[in-house]
Amino acid sequence: MKKTLEIKNLSYSFGDNHILKDINIYVKENEMVAIVGSSGVGKSTLFNLIAGVLKKQSGEITIDGSDDYIGKVAYMLQKDLLFEHKTIINNVILPLIIAKIDKKVALEEGRKILKQFNLEKYADKYPKQLSGGMRQRVALIRTYMFKRNIFLLDEAFSALDAITKKELHKWYLNLKKEFNLTTLLITHDIEEAIFLSDRIYILANKPGEIIKEIKIEINPNEDIDVQRLFYKKEILNIMNIE
Ligand SMILES: Nc1ncnc2c1ncn2[C@@H]1O[C@H](COP(=O)(O)OP(=O)(O)OP(=O)(O)O)[C@@H](O)[C@H]1O
């Protein structure tokens, strides 16, 4: 399968402060890949480089084989950034309006997608009338509406309580399947990374480097929780966390 995102020998410094060193990672089409690392290791810096928020200093970033990578990703952060004064439907269609699509057509598409995900009853409500989990679903659908090659999720589920988070993880896997999403997830939550991802990169040290790549292969005929626990132990071990 082709590589949607490929990063080669990417390094980055803020002045004399070396943050990232020789990062080599890739995400294949329809794949969900996580970058796991402790606080301050450079996860958001890497994310900002891919999104084009920070200017690349050295190394390569390509999306679908092209080094013209700026503006090719759809990204979502922990805070949902919904517009409080706009209804849910108007929040969802915002990417289409920005792309200058006729409002009537945009509204039709927005309602269709809300219906598809059983969110149509919220269409005319305002964000403050929704729970945290529902807001995050709306924000994820809005991110999808940008129709970019790859989704970058930076701690997108971190602000949610444990139960809502688990529900949203399952929901996201559905969204991924339905729309063939390609996702790079940045998280410090190891269990989240194991549940959602096909592969995990561990970012550690200072400057931050990829110290390990782990393929998550769950055998459905054996106890799934036990297999996930083994992966968790392996990752904690690598990260030197007891
Ligand atoms: N704009 C900036 N100018 C200077 N240093 C910065 C800037 N942004 C981040 N840093 C530094 O870069 C390092 C990595 O920060 P970054 O936010 O990428 O880490 P992170 O892994 O995302 O952490 P967290 O999980 O806490 O968000 C930190 O030491 C931080 O102080």
# chains A, B, ... in the order shown; residues from 1 in each chain; ligands from 1

call {"tool": "residues_around", "arguments": {"residues": "region 171-175 of chain A", "least_positions_apart": "3", "cutoff": "12 Å", "atoms": "only C-alpha atoms", "output": "PDB file with N, CA and C atoms, in the first residue's frame"}}
result
ATOM      1  N   ASN A  30      -4.861   4.471   4.646  1.00  0.00           N
ATOM      2  CA  ASN A  30      -5.839   3.764   5.511  1.00  0.00           C
ATOM      3  C   ASN A  30      -5.262   3.251   6.824  1.00  0.00           C
ATOM      4  N   GLU A  31      -4.036   3.616   7.090  1.00  0.00           N
ATOM      5  CA  GLU A  31      -3.409   3.139   8.313  1.00  0.00           C
ATOM      6  C   GLU A  31      -3.650   4.135   9.448  1.00  0.00           C
ATOM      7  N   MET A  32      -3.636   3.620  10.680  1.00  0.00           N
ATOM      8  CA  MET A  32      -3.695   4.498  11.845  1.00  0.00           C
ATOM      9  C   MET A  32      -2.411   4.265  12.628  1.00  0.00           C
ATOM     10  N   ILE A 113     -24.178  13.803   6.337  1.00  0.00           N
ATOM     11  CA  ILE A 113     -23.120  13.185   7.152  1.00  0.00           C
ATOM     12  C   ILE A 113     -23.517  13.126   8.632  1.00  0.00           C
ATOM     13  N   LEU A 114     -24.249  14.129   9.099  1.00  0.00           N
ATOM     14  CA  LEU A 114     -24.719  14.079  10.494  1.00  0.00           C
ATOM     15  C   LEU A 114     -25.673  12.903  10.668  1.00  0.00           C
ATOM     16  N   GLN A 116     -25.737  10.137   8.883  1.00  0.00           N
ATOM     17  CA  GLN A 116     -24.943   8.913   8.788  1.00  0.00           C
ATOM     18  C   GLN A 116     -24.362   8.520  10.152  1.00  0.00           C
ATOM     19  N   PHE A 117     -24.046   9.523  10.960  1.00  0.00           N
ATOM     20  CA  PHE A 117     -23.448   9.249  12.270  1.00  0.00           C
ATOM     21  C   PHE A 117     -24.410   9.506  13.423  1.00  0.00           C
ATOM     22  N   ASN A 118     -25.700   9.436  13.112  1.00  0.00           N
ATOM     23  CA  ASN A 118     -26.737   9.583  14.141  1.00  0.00           C
ATOM     24  C   ASN A 118     -26.607  10.856  14.957  1.00  0.00           C
ATOM     25  N   GLY A 133     -18.243  14.683  24.752  1.00  0.00           N
ATOM     26  CA  GLY A 133     -18.046  13.619  23.763  1.00  0.00           C
ATOM     27  C   GLY A 133     -18.736  13.922  22.442  1.00  0.00           C
ATOM     28  N   MET A 134     -19.960  14.468  22.537  1.00  0.00           N
ATOM     29  CA  MET A 134     -20.704  14.809  21.314  1.00  0.00           C
ATOM     30  C   MET A 134     -20.012  15.950  20.573  1.00  0.00           C
ATOM     31  N   GLN A 136     -16.906  16.548  20.545  1.00  0.00           N
ATOM     32  CA  GLN A 136     -15.703  16.029  19.901  1.00  0.00           C
ATOM     33  C   GLN A 136     -16.061  15.256  18.625  1.00  0.00           C
ATOM     34  N   ARG A 137     -17.194  14.569  18.636  1.00  0.00           N
ATOM     35  CA  ARG A 137     -17.641  13.871  17.418  1.00  0.00           C
ATOM     36  C   ARG A 137     -17.911  14.884  16.306  1.00  0.00           C
ATOM     37  N   VAL A 138     -18.599  15.959  16.686  1.00  0.00           N
ATOM     38  CA  VAL A 138     -18.905  16.998  15.699  1.00  0.00           C
ATOM     39  C   VAL A 138     -17.594  17.587  15.145  1.00  0.00           C
ATOM     40  N   ALA A 139     -16.659  17.821  16.048  1.00  0.00           N
ATOM     41  CA  ALA A 139     -15.379  18.405  15.621  1.00  0.00           C
ATOM     42  C   ALA A 139     -14.631  17.440  14.692  1.00  0.00           C
ATOM     43  N   LEU A 140     -14.721  16.142  14.971  1.00  0.00           N
ATOM     44  CA  LEU A 140     -14.049  15.164  14.107  1.00  0.00           C
ATOM     45  C   LEU A 140     -14.700  15.118  12.730  1.00  0.00           C
ATOM     46  N   ILE A 141     -16.026  15.212  12.705  1.00  0.00           N
ATOM     47  CA  ILE A 141     -16.722  15.234  11.415  1.00  0.00           C
ATOM     48  C   ILE A 141     -16.364  16.505  10.642  1.00  0.00           C
ATOM     49  N   THR A 143     -13.584  18.082  10.872  1.00  0.00           N
ATOM     50  CA  THR A 143     -12.220  17.869  10.379  1.00  0.00           C
ATOM     51  C   THR A 143     -12.261  17.024   9.104  1.00  0.00           C
ATOM     52  N   TYR A 144     -13.118  15.997   9.109  1.00  0.00           N
ATOM     53  CA  TYR A 144     -13.269  15.148   7.925  1.00  0.00           C
ATOM     54  C   TYR A 144     -13.706  15.965   6.707  1.00  0.00           C
ATOM     55  N   PHE A 151      -5.370  12.699   8.455  1.00  0.00           N
ATOM     56  CA  PHE A 151      -5.843  13.299   9.706  1.00  0.00           C
ATOM     57  C   PHE A 151      -4.691  13.326  10.712  1.00  0.00           C
ATOM     58  N   LEU A 153      -4.227  13.884  14.659  1.00  0.00           N
ATOM     59  CA  LEU A 153      -4.956  14.082  15.903  1.00  0.00           C
ATOM     60  C   LEU A 153      -3.947  14.276  17.028  1.00  0.00           C
ATOM     61  N   ALA A 156      -6.355  14.348  20.781  1.00  0.00           N
ATOM     62  CA  ALA A 156      -7.737  14.746  20.487  1.00  0.00           C
ATOM     63  C   ALA A 156      -8.756  14.173  21.460  1.00  0.00           C
ATOM     64  N   PHE A 157      -8.391  13.090  22.161  1.00  0.00           N
ATOM     65  CA  PHE A 157      -9.357  12.458  23.068  1.00  0.00           C
ATOM     66  C   PHE A 157      -9.003  12.708  24.532  1.00  0.00           C
ATOM     67  N   THR A 164     -16.411   8.136  28.198  1.00  0.00           N
ATOM     68  CA  THR A 164     -16.655   8.865  26.946  1.00  0.00           C
ATOM     69  C   THR A 164     -15.509   8.615  25.964  1.00  0.00           C
ATOM     70  N   LYS A 165     -14.302   8.588  26.505  1.00  0.00           N
ATOM     71  CA  LYS A 165     -13.128   8.371  25.675  1.00  0.00           C
ATOM     72  C   LYS A 165     -13.207   7.010  24.974  1.00  0.00           C
ATOM     73  N   LYS A 166     -13.590   5.987  25.731  1.00  0.00           N
ATOM     74  CA  LYS A 166     -13.694   4.625  25.164  1.00  0.00           C
ATOM     75  C   LYS A 166     -14.759   4.586  24.068  1.00  0.00           C
ATOM     76  N   GLU A 167     -15.897   5.252  24.332  1.00  0.00           N
ATOM     77  CA  GLU A 167     -16.969   5.295  23.323  1.00  0.00           C
ATOM     78  C   GLU A 167     -16.475   5.975  22.053  1.00  0.00           C
ATOM     79  N   LEU A 168     -15.753   7.052  22.262  1.00  0.00           N
ATOM     80  CA  LEU A 168     -15.273   7.824  21.119  1.00  0.00           C
ATOM     81  C   LEU A 168     -14.211   7.065  20.310  1.00  0.00           C
ATOM     82  N   GLU A 178     -15.432   3.712   7.617  1.00  0.00           N
ATOM     83  CA  GLU A 178     -16.432   4.266   6.702  1.00  0.00           C
ATOM     84  C   GLU A 178     -15.791   5.135   5.618  1.00  0.00           C
ATOM     85  N   PHE A 179     -14.828   5.959   6.024  1.00  0.00           N
ATOM     86  CA  PHE A 179     -14.245   6.931   5.089  1.00  0.00           C
ATOM     87  C   PHE A 179     -12.806   6.606   4.702  1.00  0.00           C
ATOM     88  N   ASN A 180     -12.341   5.413   5.020  1.00  0.00           N
ATOM     89  CA  ASN A 180     -10.951   5.039   4.707  1.00  0.00           C
ATOM     90  C   ASN A 180      -9.946   6.081   5.163  1.00  0.00           C
ATOM     91  N   LEU A 181     -10.063   6.501   6.408  1.00  0.00           N
ATOM     92  CA  LEU A 181      -9.184   7.571   6.884  1.00  0.00           C
ATOM     93  C   LEU A 181      -7.763   7.070   7.117  1.00  0.00           C
ATOM     94  N   THR A 182      -6.838   7.949   6.857  1.00  0.00           N
ATOM     95  CA  THR A 182      -5.440   7.716   7.187  1.00  0.00           C
ATOM     96  C   THR A 182      -5.135   8.659   8.349  1.00  0.00           C
ATOM     97  N   THR A 183      -4.621   8.119   9.447  1.00  0.00           N
ATOM     98  CA  THR A 183      -4.507   8.948  10.656  1.00  0.00           C
ATOM     99  C   THR A 183      -3.149   8.842  11.316  1.00  0.00           C
ATOM    100  N   LEU A 185      -1.830   9.799  14.991  1.00  0.00           N
ATOM    101  CA  LEU A 185      -2.345  10.173  16.305  1.00  0.00           C
ATOM    102  C   LEU A 185      -1.173  10.456  17.223  1.00  0.00           C
ATOM    103  N   GLU A 192      -4.630   4.030  24.725  1.00  0.00           N
ATOM    104  CA  GLU A 192      -5.330   4.610  23.571  1.00  0.00           C
ATOM    105  C   GLU A 192      -4.602   4.247  22.276  1.00  0.00           C
ATOM    106  N   PHE A 195      -5.138   0.574  21.445  1.00  0.00           N
ATOM    107  CA  PHE A 195      -6.512   0.281  21.008  1.00  0.00           C
ATOM    108  C   PHE A 195      -6.752   0.754  19.569  1.00  0.00           C
ATOM    109  N   LEU A 196      -6.231   1.941  19.251  1.00  0.00           N
ATOM    110  CA  LEU A 196      -6.601   2.555  17.970  1.00  0.00           C
ATOM    111  C   LEU A 196      -5.663   2.218  16.805  1.00  0.00           C
ATOM    112  N   SER A 197      -4.413   1.888  17.125  1.00  0.00           N
ATOM    113  CA  SER A 197      -3.411   1.941  16.046  1.00  0.00           C
ATOM    114  C   SER A 197      -3.040   0.608  15.426  1.00  0.00           C
ATOM    115  N   ASP A 198      -2.549   0.712  14.203  1.00  0.00           N
ATOM    116  CA  ASP A 198      -1.944  -0.431  13.520  1.00  0.00           C
ATOM    117  C   ASP A 198      -0.466  -0.518  13.869  1.00  0.00           C
TER     118      ASP A 198
END

call {"tool": "residues_around", "arguments": {"residues": "region 61-77 of chain A", "least_positions_apart": "3", "cutoff": "7 Å", "atoms": "only C-alpha atoms", "output": "ChimeraX atom specification"}}
result
/A:3-8,51-52,80,143,146,148-156

call {"tool": "residues_near_ligand", "arguments": {"ligand": "ligand 1", "cutoff": "9 Å", "atoms": "only C-alpha atoms and all ligand atoms", "output": "ChimeraX atom specification"}}
result
/A:13-15,17-20,36-48,54,154-155,186-188,203,206-208

call {"tool": "write_last_selection", "arguments": {"atoms": "C-alpha atoms", "output": "mmCIF file, in the first residue's frame"}}
result
data_model
loop_
_atom_site.group_PDB
_atom_site.id
_atom_site.type_symbol
_atom_site.label_atom_id
_atom_site.label_comp_id
_atom_site.auth_asym_id
_atom_site.auth_seq_id
_atom_site.Cartn_x
_atom_site.Cartn_y
_atom_site.Cartn_z
ATOM 1 C CA SER A 13 15.611 23.146 17.020
ATOM 2 C CA PHE A 14 14.210 26.166 18.789
ATOM 3 C CA GLY A 15 17.417 28.245 18.785
ATOM 4 C CA ASN A 17 17.410 23.843 21.977
ATOM 5 C CA HIS A 18 17.448 20.645 19.889
ATOM 6 C CA ILE A 19 13.944 19.229 19.992
ATOM 7 C CA LEU A 20 13.810 16.542 17.298
ATOM 8 C CA VAL A 36 3.671 7.974 21.856
ATOM 9 C CA GLY A 37 5.976 9.946 24.091
ATOM 10 C CA SER A 38 6.143 11.626 27.443
ATOM 11 C CA SER A 39 5.503 15.289 28.036
ATOM 12 C CA GLY A 40 7.926 17.727 26.412
ATOM 13 C CA VAL A 41 9.555 15.164 24.102
ATOM 14 C CA GLY A 42 8.556 17.104 20.981
ATOM 15 C CA LYS A 43 5.268 15.504 19.870
ATOM 16 C CA SER A 44 3.480 18.791 19.223
ATOM 17 C CA THR A 45 6.550 20.210 17.511
ATOM 18 C CA LEU A 46 6.520 17.270 15.089
ATOM 19 C CA PHE A 47 2.798 17.743 14.556
ATOM 20 C CA ASN A 48 3.257 21.468 13.870
ATOM 21 C CA LEU A 54 6.345 25.488 11.954
ATOM 22 C CA ASP A 154 -2.986 15.749 18.700
ATOM 23 C CA GLU A 155 -4.264 14.448 22.047
ATOM 24 C CA ILE A 186 -0.171 11.903 18.844
ATOM 25 C CA THR A 187 -0.782 10.819 22.399
ATOM 26 C CA HIS A 188 0.800 10.156 25.765
ATOM 27 C CA LEU A 203 9.432 9.097 20.722
ATOM 28 C CA LYS A 206 16.366 14.785 24.323
ATOM 29 C CA PRO A 207 16.462 15.711 21.508
ATOM 30 C CA GLY A 208 13.473 13.511 20.727
#

call {"tool": "select_by_dssp", "arguments": {"residues": "region 92-196 of chain A", "states": "strand (DSSP E)", "output": "ChimeraX atom specification"}}
result
/A:150-154,183-187

call {"tool": "closest_residue", "arguments": {"among": "A:Ile98, A:Ile238, A:Leu184, A:Ile89", "to": "Ile214 (chain A)", "atoms": "only C-alpha atoms"}}
result
A:Ile238

call {"tool": "closest_residue", "arguments": {"among": "A:Ile93, A:Val27, A:Asn221, A:Lys56", "to": "Leu10 (chain A)", "atoms": "only C-alpha atoms"}}
result
A:Lys56

call {"tool": "residues_around", "arguments": {"residues": "Asp124 (chain A)", "least_positions_apart": "5", "cutoff": "9 Å", "atoms": "only C-alpha atoms", "output": "PyMOL selection string"}}
result
chain A and resi 87-90

call {"tool": "atom_distance", "arguments": {"atom1": "CA of Lys115 (chain A)", "atom2": "CA of Val92 (chain A)"}}
result
12.2 Å

call {"tool": "closest_residue", "arguments": {"among": "A:Glu108, A:Ala99, A:His169, A:Asn205", "to": "Lys147 (chain A)", "atoms": "only C-alpha atoms"}}
result
A:Ala99

call {"tool": "closest_atom_pairs", "arguments": {"of": "region 191-223 of chain A", "to": "region 233-236 of chain A", "cutoff": "12 Å", "atoms": "only C-alpha atoms", "output": "JSON lines"}}
result
{"residue": "A:Glu191", "atom": "CA", "partner": "A:Ile235", "partner_atom": "CA", "distance": 9.9}
{"residue": "A:Ala193", "atom": "CA", "partner": "A:Ile235", "partner_atom": "CA", "distance": 10.5}
{"residue": "A:Ile194", "atom": "CA", "partner": "A:Ile235", "partner_atom": "CA", "distance": 9.7}
{"residue": "A:Ile200", "atom": "CA", "partner": "A:Ile235", "partner_atom": "CA", "distance": 9.4}
{"residue": "A:Tyr201", "atom": "CA", "partner": "A:Ile235", "partner_atom": "CA", "distance": 9.8}
{"residue": "A:Ile202", "atom": "CA", "partner": "A:Ile235", "partner_atom": "CA", "distance": 8.0}
{"residue": "A:Leu203", "atom": "CA", "partner": "A:Ile235", "partner_atom": "CA", "distance": 11.0}
{"residue": "A:Ala204", "atom": "CA", "partner": "A:Ile235", "partner_atom": "CA", "distance": 11.6}
{"residue": "A:Ile211", "atom": "CA", "partner": "A:Ile235", "partner_atom": "CA", "distance": 10.8}
{"residue": "A:Lys212", "atom": "CA", "partner": "A:Ile235", "partner_atom": "CA", "distance": 9.0}
{"residue": "A:Glu213", "atom": "CA", "partner": "A:Ile235", "partner_atom": "CA", "distance": 9.9}
{"residue": "A:Ile214", "atom": "CA", "partner": "A:Ile235", "partner_atom": "CA", "distance": 8.5}
{"residue": "A:Lys215", "atom": "CA", "partner": "A:Ile235", "partner_atom": "CA", "distance": 11.4}
{"residue": "A:Ile216", "atom": "CA", "partner": "A:Ile235", "partner_atom": "CA", "distance": 11.3}

call {"tool": "atom_distance", "arguments": {"atom1": "CA of Ile35 (chain A)", "atom2": "CA of Glu222 (chain A)"}}
result
26.2 Å
